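Asker: So here's run.csv (CSV, C-alpha atoms and all ligand atoms).
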```
chain,number,residue,atom,x,y,z
G,1,GLU,CA,65.1,133.6,90.9
G,2,ASN,CA,68.1,131.7,89.4
G,3,PRO,CA,67.1,128.4,87.7
G,4,VAL,CA,68.1,125.1,89.4
G,5,TYR,CA,69.1,122.0,87.4
G,6,TYR,CA,68.9,118.3,88.3
G,7,ASP,CA,70.1,115.1,86.7
G,8,ASP,CA,67.1,115.1,84.3
G,9,ASN,CA,68.1,118.5,82.9
G,10,ALA,CA,71.6,117.4,82.0
G,11,ASP,CA,72.7,115.2,79.2
G,12,GLU,CA,76.1,113.6,79.7
G,13,SER,CA,76.4,112.9,75.9
G,14,HIS,CA,77.8,116.4,75.6
G,15,LEU,CA,80.9,115.2,77.2
G,16,ALA,CA,81.0,111.8,75.5
G,17,GLU,CA,83.2,112.8,72.6
G,18,ARG,CA,85.4,115.1,74.7
G,19,THR,CA,88.6,114.4,76.6
G,20,VAL,CA,88.8,116.3,79.9
G,21,ALA,CA,92.1,117.6,81.3
G,22,VAL,CA,92.0,118.3,85.0
G,23,LEU,CA,94.8,120.7,85.9
G,24,GLY,CA,95.8,120.2,89.5
G,25,TYR,CA,95.1,117.2,91.8
G,26,GLY,CA,94.4,119.0,95.1
G,27,SER,CA,91.1,119.5,96.9
G,28,GLN,CA,88.9,120.1,93.9
G,29,GLY,CA,91.1,118.4,91.3
G,30,HIS,CA,91.2,115.0,92.8
G,31,ALA,CA,87.4,114.9,93.2
G,32,HIS,CA,86.5,116.2,89.8
G,33,ALA,CA,89.0,113.9,88.1
G,34,GLN,CA,87.9,110.7,89.9
G,35,ASN,CA,84.2,111.5,89.6
G,36,LEU,CA,84.5,112.2,85.8
G,37,ASP,CA,86.5,109.0,85.4
G,38,ASP,CA,83.8,107.0,87.3
G,39,SER,CA,81.2,108.6,85.1
G,40,GLY,CA,83.0,107.2,82.0
G,41,VAL,CA,84.6,110.4,80.8
G,42,ASP,CA,88.1,110.2,79.3
G,43,VAL,CA,90.3,112.1,81.8
G,44,VAL,CA,93.9,113.2,81.8
G,45,VAL,CA,95.4,114.9,84.9
G,46,GLY,CA,97.7,117.9,84.1
G,47,LEU,CA,100.6,118.3,86.6
G,48,ARG,CA,103.9,120.2,86.4
G,49,LYS,CA,107.2,118.3,86.4
G,50,GLY,CA,108.1,117.0,89.9
G,51,SER,CA,104.6,117.6,91.2
G,52,SER,CA,104.0,116.2,94.6
G,53,SER,CA,100.5,115.2,93.5
G,54,ARG,CA,101.6,112.9,90.8
G,55,ASP,CA,101.8,109.7,92.9
G,56,ALA,CA,98.3,110.3,94.3
G,57,ALA,CA,96.8,110.7,90.8
G,58,GLU,CA,98.6,107.6,89.4
G,59,ALA,CA,97.6,105.6,92.5
G,60,ASP,CA,94.0,106.5,91.8
G,61,GLY,CA,94.4,105.0,88.3
G,62,LEU,CA,94.5,108.2,86.3
G,63,ARG,CA,96.7,109.2,83.4
G,64,VAL,CA,99.1,112.1,84.1
G,65,ALA,CA,100.7,114.5,81.7
G,66,THR,CA,102.2,118.0,81.9
G,67,PRO,CA,99.5,120.8,81.9
G,68,VAL,CA,100.4,121.8,78.3
G,69,ALA,CA,100.3,118.2,77.0
G,70,ALA,CA,97.0,117.5,78.8
G,71,ALA,CA,95.5,120.7,77.5
G,72,ARG,CA,96.6,119.9,73.9
G,73,GLU,CA,95.0,116.5,74.1
G,74,ALA,CA,91.8,117.7,75.8
G,75,ASP,CA,88.6,119.3,74.5
G,76,LEU,CA,87.7,120.6,78.0
G,77,VAL,CA,90.3,121.9,80.4
G,78,SER,CA,89.3,122.2,84.0
G,79,VAL,CA,91.6,124.7,85.8
G,80,LEU,CA,91.8,123.4,89.4
G,81,VAL,CA,95.2,124.7,90.5
G,82,PRO,CA,95.2,127.5,93.2
G,83,ASP,CA,93.6,130.7,92.1
G,84,THR,CA,96.9,132.6,92.5
G,85,VAL,CA,98.7,130.5,90.0
G,86,GLN,CA,96.0,130.1,87.4
G,87,PRO,CA,97.0,133.2,85.3
G,88,ALA,CA,100.5,131.8,84.9
G,89,VAL,CA,99.2,128.3,84.1
G,90,TYR,CA,96.7,129.8,81.6
G,91,ASP,CA,99.6,131.6,79.8
G,92,ASP,CA,101.4,128.3,79.4
G,93,ILE,CA,98.4,126.3,78.1
G,94,GLU,CA,96.7,129.0,75.9
G,95,GLU,CA,98.5,127.9,72.7
G,96,ALA,CA,97.4,124.3,73.4
G,97,LEU,CA,93.7,125.2,73.1
G,98,GLU,CA,91.8,124.7,70.0
G,99,PRO,CA,88.8,126.7,68.8
G,100,GLY,CA,85.7,125.2,70.4
G,101,ASP,CA,87.5,123.9,73.4
G,102,THR,CA,86.1,124.6,76.8
G,103,LEU,CA,87.9,126.3,79.8
G,104,GLN,CA,86.3,125.2,83.0
G,105,PHE,CA,86.7,126.9,86.4
G,106,ALA,CA,85.5,126.3,90.0
G,107,HIS,CA,85.7,129.9,91.0
G,108,GLY,CA,85.3,133.1,89.0
G,109,PHE,CA,88.0,135.3,90.4
G,110,ASN,CA,90.5,135.3,87.6
G,111,ILE,CA,88.0,135.7,84.8
G,112,HIS,CA,85.9,138.3,86.6
G,113,TYR,CA,88.9,140.4,87.6
G,114,ASN,CA,90.5,140.0,84.2
G,115,GLN,CA,93.6,138.1,85.5
G,116,ILE,CA,92.9,135.6,82.7
G,117,ARG,CA,91.7,137.1,79.4
G,118,PRO,CA,90.5,133.9,77.7
G,119,ARG,CA,90.7,133.6,73.9
G,120,GLU,CA,87.5,134.4,72.3
G,121,ASP,CA,87.2,131.2,70.3
G,122,VAL,CA,86.8,128.9,73.4
G,123,ASN,CA,83.9,128.3,75.8
G,124,VAL,CA,84.4,129.6,79.3
G,125,GLN,CA,82.3,128.0,82.0
G,126,MET,CA,82.2,127.5,85.7
G,127,VAL,CA,80.9,124.5,87.6
G,128,ALA,CA,81.6,125.2,91.2
G,129,PRO,CA,80.7,122.7,93.9
G,130,LYS,CA,79.7,124.5,97.0
G,131,SER,CA,81.9,122.3,99.1
G,132,PRO,CA,85.5,121.2,99.8
G,133,GLY,CA,86.7,118.7,97.3
G,134,HIS,CA,86.9,115.8,99.7
G,135,LEU,CA,83.2,116.0,100.3
G,136,VAL,CA,82.6,116.2,96.5
G,137,ARG,CA,84.3,112.9,96.2
G,138,ARG,CA,82.8,111.2,99.3
G,139,ASN,CA,79.3,112.2,98.4
G,140,PHE,CA,79.7,110.9,94.9
G,141,GLU,CA,81.0,107.5,96.2
G,142,ASN,CA,77.9,107.3,98.5
G,143,ASP,CA,75.6,107.9,95.5
G,144,GLU,CA,74.9,111.4,96.9
G,145,GLY,CA,75.4,114.8,95.3
G,146,THR,CA,77.0,118.0,96.1
G,147,PRO,CA,75.1,121.3,95.4
G,148,GLY,CA,76.9,123.4,92.8
G,149,LEU,CA,76.8,126.5,90.6
G,150,LEU,CA,76.9,126.8,86.9
G,151,ALA,CA,77.8,129.9,84.9
G,152,VAL,CA,78.7,130.4,81.2
G,153,TYR,CA,80.9,133.4,80.5
G,154,GLN,CA,81.6,132.7,76.9
G,155,ASP,CA,79.8,130.5,74.5
G,156,ALA,CA,81.9,129.9,71.4
G,157,THR,CA,80.3,126.6,70.3
G,158,GLY,CA,76.6,127.4,70.9
G,159,ASP,CA,76.2,124.5,73.3
G,160,ALA,CA,78.4,125.8,76.2
G,161,HIS,CA,75.4,125.6,78.6
G,162,ASP,CA,74.8,121.9,77.8
G,163,VAL,CA,78.5,121.1,78.2
G,164,GLY,CA,78.5,122.8,81.5
G,165,LEU,CA,75.5,120.8,82.7
G,166,ALA,CA,77.1,117.6,81.5
G,167,TYR,CA,80.2,118.3,83.5
G,168,ALA,CA,78.1,119.2,86.5
G,169,LYS,CA,76.3,115.9,86.1
G,170,ALA,CA,79.5,113.9,85.7
G,171,ILE,CA,80.9,115.2,89.0
G,172,GLY,CA,77.6,114.5,90.8
G,173,CYS,CA,76.4,118.1,91.3
G,174,THR,CA,73.1,117.7,89.5
G,175,ARG,CA,72.2,114.9,91.8
G,176,ALA,CA,71.8,117.6,94.5
G,177,GLY,CA,70.9,120.6,92.4
G,178,VAL,CA,72.9,123.2,90.4
G,179,ILE,CA,72.0,126.9,90.5
G,180,GLU,CA,72.5,129.0,87.5
G,181,THR,CA,74.6,132.1,88.2
G,182,THR,CA,77.2,134.4,86.6
G,183,PHE,CA,80.9,134.7,87.1
G,184,ARG,CA,80.3,138.2,88.6
G,185,GLU,CA,77.7,137.0,91.1
G,186,GLU,CA,79.6,133.9,92.1
G,187,THR,CA,82.9,135.8,92.6
G,188,GLU,CA,81.4,138.7,94.5
G,189,THR,CA,79.1,136.7,96.8
G,190,ASP,CA,81.9,134.2,97.5
G,191,LEU,CA,84.4,136.9,98.5
G,192,PHE,CA,81.9,138.8,100.5
G,193,GLY,CA,80.7,135.7,102.3
G,194,GLU,CA,84.1,134.5,103.3
G,195,GLN,CA,85.2,138.0,104.4
G,196,ALA,CA,82.2,139.3,106.2
G,197,VAL,CA,80.5,136.2,107.6
G,198,LEU,CA,82.1,132.8,107.2
G,199,CYS,CA,85.8,133.3,107.8
G,200,GLY,CA,86.4,136.9,108.8
G,201,GLY,CA,83.2,137.8,110.6
G,202,VAL,CA,82.8,134.7,112.6
G,203,THR,CA,86.5,134.5,113.8
G,204,SER,CA,86.4,138.1,114.9
G,205,LEU,CA,83.1,137.5,116.8
G,206,VAL,CA,84.7,134.5,118.5
G,207,LYS,CA,87.9,136.4,119.4
G,208,GLN,CA,86.0,139.4,120.7
G,209,GLY,CA,83.7,137.3,122.8
G,210,TYR,CA,86.5,135.3,124.2
G,211,GLU,CA,88.6,138.5,125.0
G,212,THR,CA,85.6,140.1,126.7
G,213,LEU,CA,85.1,137.2,129.1
G,214,VAL,CA,88.8,136.7,129.8
G,215,ASP,CA,89.4,140.5,130.4
G,216,ALA,CA,86.5,140.4,132.8
G,217,GLY,CA,88.3,137.8,134.9
G,218,TYR,CA,86.6,134.6,133.7
G,219,SER,CA,88.7,131.5,133.0
G,220,ARG,CA,90.2,131.0,129.6
G,221,GLU,CA,88.7,127.4,129.5
G,222,MET,CA,85.2,128.6,130.1
G,223,ALA,CA,85.6,131.4,127.6
G,224,TYR,CA,86.9,129.0,125.0
G,225,PHE,CA,84.0,126.5,125.5
G,226,GLU,CA,81.4,129.3,125.5
G,227,CYS,CA,82.6,131.3,122.5
G,228,LEU,CA,84.2,128.8,120.2
G,229,ASN,CA,83.5,125.1,121.0
G,230,GLU,CA,79.7,125.6,121.3
G,231,LEU,CA,79.5,127.4,118.0
G,232,LYS,CA,79.6,124.1,116.2
G,233,LEU,CA,76.4,122.9,117.9
G,234,ILE,CA,74.6,126.1,117.0
G,235,VAL,CA,75.8,126.1,113.4
G,236,ASP,CA,74.8,122.4,113.0
G,237,LEU,CA,71.3,123.3,114.0
G,238,MET,CA,71.1,126.3,111.6
G,239,TYR,CA,72.5,124.1,108.8
G,240,GLU,CA,69.8,121.5,109.4
G,241,GLY,CA,66.8,123.7,109.8
G,242,GLY,CA,67.6,127.3,109.5
G,243,LEU,CA,67.6,129.9,112.3
G,244,GLY,CA,64.2,128.6,113.4
G,245,GLU,CA,65.5,125.1,114.3
G,246,MET,CA,68.3,126.7,116.3
G,247,TRP,CA,66.0,129.0,118.2
G,248,ASP,CA,63.6,126.1,118.9
G,249,SER,CA,66.4,124.0,120.3
G,250,VAL,CA,68.0,126.4,122.7
G,251,SER,CA,66.3,127.4,126.0
G,252,ASP,CA,63.8,130.2,126.1
G,253,THR,CA,66.3,132.2,128.1
G,254,ALA,CA,68.9,131.8,125.4
G,255,GLU,CA,66.3,132.6,122.8
G,256,TYR,CA,65.1,135.8,124.5
G,257,GLY,CA,68.6,136.9,125.3
G,258,GLY,CA,69.8,136.2,121.8
G,259,LEU,CA,66.9,138.0,120.2
G,260,THR,CA,67.2,141.1,122.4
G,261,ARG,CA,71.1,141.3,122.4
G,262,GLY,CA,72.3,139.9,119.1
G,263,ASP,CA,71.4,143.0,117.0
G,264,ALA,CA,72.9,145.2,119.7
G,265,VAL,CA,76.3,143.5,119.3
G,266,VAL,CA,76.3,143.2,115.5
G,267,ASP,CA,74.6,146.5,115.0
G,268,GLU,CA,74.2,149.1,112.3
G,269,HIS,CA,78.0,149.9,112.4
G,270,ALA,CA,78.7,146.3,111.6
G,271,ARG,CA,76.2,146.6,108.8
G,272,GLU,CA,77.9,149.7,107.4
G,273,ASN,CA,81.3,147.9,107.7
G,274,MET,CA,79.8,145.0,105.7
G,275,GLU,CA,78.6,147.4,103.0
G,276,GLU,CA,82.2,148.7,102.8
G,277,VAL,CA,83.6,145.2,102.5
G,278,LEU,CA,81.1,144.5,99.7
G,279,GLU,CA,82.1,147.8,97.9
G,280,ALA,CA,85.7,146.8,98.0
G,281,VAL,CA,84.8,143.5,96.4
G,282,GLN,CA,82.6,145.1,93.8
G,283,ASP,CA,85.0,147.9,92.7
G,284,GLY,CA,88.0,145.6,92.6
G,285,THR,CA,89.9,147.2,95.5
G,286,PHE,CA,90.1,143.8,97.3
G,287,ALA,CA,91.2,142.0,94.2
G,288,ARG,CA,94.0,144.5,93.5
G,289,GLU,CA,95.2,144.3,97.1
G,290,TRP,CA,95.3,140.5,97.1
G,291,ILE,CA,97.0,140.3,93.7
G,292,SER,CA,99.7,142.8,94.7
G,293,GLU,CA,100.1,141.0,98.1
G,294,ASN,CA,100.9,137.9,96.1
G,295,GLN,CA,103.2,139.7,93.7
G,296,THR,CA,105.3,141.1,96.6
G,297,GLY,CA,105.8,137.8,98.6
G,298,ARG,CA,102.7,138.1,100.8
G,299,PRO,CA,104.2,140.4,103.5
G,300,SER,CA,100.9,141.4,105.3
G,301,TYR,CA,99.4,138.0,104.8
G,302,THR,CA,102.4,136.3,106.6
G,303,GLN,CA,102.2,138.8,109.5
G,304,LEU,CA,98.4,138.4,109.9
G,305,ARG,CA,98.7,134.6,109.9
G,306,GLN,CA,101.3,134.8,112.6
G,307,ALA,CA,99.3,137.1,114.8
G,308,GLU,CA,96.2,134.9,114.4
G,309,SER,CA,98.1,131.8,115.4
G,310,ASP,CA,99.6,133.7,118.4
G,311,HIS,CA,96.2,134.5,119.8
G,312,ASP,CA,95.6,133.2,123.3
G,313,ILE,CA,92.5,131.3,122.2
G,314,GLU,CA,94.6,129.0,120.0
G,315,ASP,CA,96.8,128.0,123.0
G,316,VAL,CA,93.9,127.3,125.3
G,317,GLY,CA,92.0,125.5,122.5
G,318,ALA,CA,94.9,123.2,121.7
G,319,ASP,CA,95.3,122.3,125.3
G,320,LEU,CA,91.6,121.6,125.8
G,321,ARG,CA,91.2,119.6,122.6
G,322,ALA,CA,94.1,117.4,123.7
G,323,LEU,CA,92.5,116.9,127.2
G,324,PHE,CA,89.0,115.9,126.2
G,325,ALA,CA,87.6,112.8,124.6
G,326,TRP,CA,86.4,114.5,121.5
G,327,GLY,CA,89.8,116.1,120.9
G,328,GLY,CA,93.0,115.0,119.2
G,329,GLU,CA,93.4,112.3,116.5
G,330,GLU,CA,89.9,111.0,116.1
G,331,ARG,CA,88.7,114.4,114.8
G,332,GLU,CA,88.2,114.5,111.1
G,333,GLU,CA,90.3,117.1,109.3
G,334,VAL,CA,88.3,119.4,107.1
G,335,PRO,CA,90.2,121.8,104.8
G,336,ALA,CA,89.8,125.4,106.0
G,337,ASP,CA,89.0,126.8,102.6
G,338,ASP,CA,85.3,127.2,101.6
R,401,LIG,P1,94.6,123.2,95.7
R,401,LIG,O1,95.4,124.2,96.4
R,401,LIG,O2,94.1,122.0,96.4
R,401,LIG,O3,95.4,122.7,94.4
R,401,LIG,C1,96.6,122.1,94.5
R,401,LIG,C2,96.9,121.4,93.2
R,401,LIG,O4,97.4,122.4,92.3
R,401,LIG,C3,98.1,120.4,93.5
R,401,LIG,O5,97.9,119.3,92.6
R,401,LIG,C4,99.3,121.2,93.0
R,401,LIG,O6,100.3,120.3,92.5
R,401,LIG,C5,98.7,122.0,91.9
R,401,LIG,N1,99.5,123.2,91.6
R,401,LIG,C6,99.9,124.1,92.5
R,401,LIG,N2,100.6,125.1,91.9
R,401,LIG,C7,100.8,124.7,90.6
R,401,LIG,C8,101.4,125.2,89.5
R,401,LIG,N3,102.1,126.4,89.5
R,401,LIG,N4,101.4,124.6,88.3
R,401,LIG,C9,100.7,123.4,88.2
R,401,LIG,N5,100.0,122.9,89.2
R,401,LIG,C10,100.1,123.5,90.4
R,401,LIG,O7,93.4,124.0,94.9
R,401,LIG,P2,91.8,123.9,95.3
R,401,LIG,O8,91.3,122.6,94.9
R,401,LIG,O9,91.6,124.4,96.7
R,401,LIG,O10,91.3,125.1,94.3
R,401,LIG,C11,91.2,124.9,92.9
R,401,LIG,C12,90.0,125.8,92.4
R,401,LIG,O11,88.8,125.3,93.0
R,401,LIG,C13,90.2,127.2,92.8
R,401,LIG,O12,89.7,128.0,91.7
R,401,LIG,C14,89.3,127.4,94.0
R,401,LIG,O13,88.9,128.7,94.2
R,401,LIG,C15,88.2,126.5,93.7
R,401,LIG,N6,87.4,126.0,94.8
R,401,LIG,C16,88.0,125.4,95.8
R,401,LIG,C17,87.2,124.9,96.9
R,401,LIG,C18,87.9,124.1,98.0
R,401,LIG,O14,87.2,123.6,98.8
R,401,LIG,N7,89.2,124.0,98.1
R,401,LIG,C19,85.8,124.9,96.9
R,401,LIG,C20,85.2,125.5,95.6
R,401,LIG,C21,86.0,126.0,94.7
R,401,LIG,P3,101.8,120.4,93.0
R,401,LIG,O15,102.0,119.2,93.8
R,401,LIG,O16,102.6,120.5,91.8
R,401,LIG,O17,102.0,121.7,93.9
R,402,MG,MG,86.1,131.5,98.4
R,403,MG,MG,74.8,128.4,127.2
```
As structure tokens - that is how I would like this structure written.

Answerer:
Amino acid sequence: ENPVYYDDNADESHLAERTVAVLGYGSQGHAHAQNLDDSGVDVVVGLRKGSSSRDAAEADGLRVATPVAAAREADLVSVLVPDTVQPAVYDDIEEALEPGDTLQFAHGFNIHYNQIRPREDVNVQMVAPKSPGHLVRRNFENDEGTPGLLAVYQDATGDAHDVGLAYAKAIGCTRAGVIETTFREETETDLFGEQAVLCGGVTSLVKQGYETLVDAGYSREMAYFECLNELKLIVDLMYEGGLGEMWDSVSDTAEYGGLTRGDAVVDEHARENMEEVLEAVQDGTFAREWISENQTGRPSYTQLRQAESDHDIEDVGADLRALFAWGGEEREEVPADD
């Protein structure tokens, strides 16, 4: 069992003498920077020249410098630019780090797959909220926490773990609970989860269900409601009380049908496919593919995105969401990333 830490386990004084540079002011960056600032930590936001995020950071009352200048001034550098640009940003700031400084990440990809080879005289830690950044900020403002992960990859100072916990506390994660993990475990479970279940698996399940109904002559609207729209209600129940609360809330007919048919649809072949997906994550095949995809201008990614947005379910969904009372503008936009 991985240990779990709460506010009482964390001592913010480990950040008291340290200036924190938050590189990037996007989903995670704006939340970490403002939460740290509200917690009394000295924060400087690092943004490239001409950055479109600069106005937002300054409007929120934060100091902005270039990534290199921010890193030079800081004792802890939180790398919250997109994963694909982190290696280049690290190359720029490496000379600005001093022995004993801390590099902080919110995802382990670049360290685990050696896209960033950090200097040996710095701490390398991960504090990763398990949530989109806008919720990390909103929860903090409501005196609530956001569950998170903590991992220490390199401990140059001897107190890397304490610094990590202090950071987790300052952004509000220890209010909810912080699970100790490793860069390897976080990276591999994160990639597997988004590929096999959360983003990949569930969208394929939805599309195949929709196509099965439409191909059998049912209306697109009915297929959309049944296979996509209702999914939210089911997931909300699972989120609140696990599979049991969901099964308890649906009809006995739905429960019996689901219990007898679910494993027939997502069967042992799906399980074998999942194991292959996991292997490609573990042996680096997926990471190499994604890195080369980015180095060559994202040719397959661009095609796949187009094909997905051309799917019939997207057309019928857009029409229906515009027609119904719950659709359109009042809906709250939640970023698609995990
Ligand atoms: P975003 O895509 O939201 O980051 C955008 C920010 O990065 C902007 O401020 C942008 O500024 C800046 N930026 C982009 N390119 C560069 C560059 N080349 N040099 C300097 N700054 C640049 O990132 P996320 O918050 O989504 O992700 C940050 C980290 O957090 C990642 O490691 C991710 O895996 C992790 N994470 C993300 C979660 C999420 O919900 N999004 C959840 C948990 C972890 P500009 O205006 O200059 O482009
Ligand atoms: Mg992810
Ligand atoms: Mg039904």

Asker: To one decimal place in Å, what is the distance between atom N2 of ligand LIG 401 (chain R) and atom CA of G:Val22?

Answerer: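 Computed distance, atom N2 of ligand LIG 401 (chain R) to atom CA of G:Val22, equals 13.0 Å.
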
Asker: If you count only C-alpha atoms and all ligand atoms, which residues end up within 12 Å of ligand MG 402 (chain R), as a list in words?

Answerer: Pro82, Asp83, Ala106, His107, Gly108, Phe109, Ala128, Pro129, Lys130, Ser131, Pro132, Glu186, Thr187, Glu188, Thr189, Asp190, Leu191, Phe192, Gly193, Glu194, Gln195, Ala196, Val197, Leu198, Cys199, Gly200, Ala336, Asp337 and Asp338 of chain G

Asker: Which of these, G:Ile291, G:Val122, G:Leu304, G:Val250, has the shortest distance to ligand MG 403 (chain R) once you count all atoms listed in the file?

Answerer: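 The answer is G:Val250, which sits nearest to ligand MG 403 (chain R).
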
Asker: Have a look at atom CA of G:Ala56 and atom CA of G:Glu98 and let me know their distance in Å, one decimal.

Answerer: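 Value for the atom CA of G:Ala56-atom CA of G:Glu98 distance: 29.0 Å.
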
Asker: Using only C-alpha atoms, find the one residue out of G:Asp267, G:Glu221, G:Glu58, G:Asp248 that sits nearest to G:Ile234.

Answerer: G:Asp248

Asker: Residues at most 9 Å from stretch 210-215 of chain G, counting only C-alpha atoms, excluding those fewer than 3 positions away in the same chain, as a ChimeraX atom specification?

Answerer: /G:205-207,218-220,222-224,226-228,312-313

Asker: Just the residues within 7 Å of G:His134, please, counting all atoms listed in the file, with nothing from its chain fewer than 3 positions along; format it as a ChimeraX atom specification.

Answerer: /G:27,31,137-138

Asker: So, with all atoms listed in the file as the atoms that count, which of G:Val124, G:Ser39, G:Leu15, G:Gly148 lies closest to ligand LIG 401 (chain R)?

Answerer: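 Nearest to ligand LIG 401 (chain R): G:Gly148.
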
Asker: For stretch 171-187 of chain G, which lacks atoms in the input, supply N, CA and C atoms and format the output as a PDB file, keeping the file's coordinate frame.

Answerer:
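Full text of result31.pdb as output:
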```pdb
ATOM      1  N   ILE G 171      80.265 115.118  87.660  1.00  0.00           N
ATOM      2  CA  ILE G 171      80.900 115.200  89.000  1.00  0.00           C
ATOM      3  C   ILE G 171      79.908 115.035  90.118  1.00  0.00           C
ATOM      4  N   GLY G 172      78.637 114.832  89.780  1.00  0.00           N
ATOM      5  CA  GLY G 172      77.600 114.500  90.800  1.00  0.00           C
ATOM      6  C   GLY G 172      76.846 115.704  91.311  1.00  0.00           C
ATOM      7  N   CYS G 173      77.065 116.890  90.744  1.00  0.00           N
ATOM      8  CA  CYS G 173      76.400 118.100  91.300  1.00  0.00           C
ATOM      9  C   CYS G 173      74.897 118.120  90.988  1.00  0.00           C
ATOM     10  N   THR G 174      74.509 117.654  89.791  1.00  0.00           N
ATOM     11  CA  THR G 174      73.100 117.700  89.500  1.00  0.00           C
ATOM     12  C   THR G 174      72.250 116.722  90.264  1.00  0.00           C
ATOM     13  N   ARG G 175      72.909 115.759  90.930  1.00  0.00           N
ATOM     14  CA  ARG G 175      72.200 114.900  91.800  1.00  0.00           C
ATOM     15  C   ARG G 175      71.529 115.708  92.972  1.00  0.00           C
ATOM     16  N   ALA G 176      72.273 116.736  93.405  1.00  0.00           N
ATOM     17  CA  ALA G 176      71.800 117.600  94.500  1.00  0.00           C
ATOM     18  C   ALA G 176      71.079 118.798  94.045  1.00  0.00           C
ATOM     19  N   GLY G 177      71.525 119.362  92.920  1.00  0.00           N
ATOM     20  CA  GLY G 177      70.900 120.600  92.400  1.00  0.00           C
ATOM     21  C   GLY G 177      72.039 121.590  92.063  1.00  0.00           C
ATOM     22  N   VAL G 178      71.889 122.211  90.883  1.00  0.00           N
ATOM     23  CA  VAL G 178      72.900 123.200  90.400  1.00  0.00           C
ATOM     24  C   VAL G 178      72.176 124.476  90.102  1.00  0.00           C
ATOM     25  N   ILE G 179      72.639 125.549  90.709  1.00  0.00           N
ATOM     26  CA  ILE G 179      72.000 126.900  90.500  1.00  0.00           C
ATOM     27  C   ILE G 179      72.740 127.620  89.433  1.00  0.00           C
ATOM     28  N   GLU G 180      71.974 128.187  88.526  1.00  0.00           N
ATOM     29  CA  GLU G 180      72.500 129.000  87.500  1.00  0.00           C
ATOM     30  C   GLU G 180      72.952 130.367  88.032  1.00  0.00           C
ATOM     31  N   THR G 181      74.172 130.799  87.704  1.00  0.00           N
ATOM     32  CA  THR G 181      74.600 132.100  88.200  1.00  0.00           C
ATOM     33  C   THR G 181      75.534 132.716  87.112  1.00  0.00           C
ATOM     34  N   THR G 182      76.211 133.794  87.462  1.00  0.00           N
ATOM     35  CA  THR G 182      77.200 134.400  86.600  1.00  0.00           C
ATOM     36  C   THR G 182      78.538 134.435  87.262  1.00  0.00           C
ATOM     37  N   PHE G 183      79.606 134.639  86.482  1.00  0.00           N
ATOM     38  CA  PHE G 183      80.900 134.700  87.100  1.00  0.00           C
ATOM     39  C   PHE G 183      80.971 135.895  88.090  1.00  0.00           C
ATOM     40  N   ARG G 184      80.314 136.995  87.733  1.00  0.00           N
ATOM     41  CA  ARG G 184      80.300 138.200  88.600  1.00  0.00           C
ATOM     42  C   ARG G 184      79.622 137.832  89.947  1.00  0.00           C
ATOM     43  N   GLU G 185      78.417 137.248  89.845  1.00  0.00           N
ATOM     44  CA  GLU G 185      77.700 137.000  91.100  1.00  0.00           C
ATOM     45  C   GLU G 185      78.393 135.967  91.961  1.00  0.00           C
ATOM     46  N   GLU G 186      78.923 134.919  91.345  1.00  0.00           N
ATOM     47  CA  GLU G 186      79.600 133.900  92.100  1.00  0.00           C
ATOM     48  C   GLU G 186      80.848 134.511  92.824  1.00  0.00           C
ATOM     49  N   THR G 187      81.646 135.272  92.067  1.00  0.00           N
ATOM     50  CA  THR G 187      82.900 135.800  92.600  1.00  0.00           C
ATOM     51  C   THR G 187      82.593 136.782  93.760  1.00  0.00           C
TER      52      THR G 187
END
```
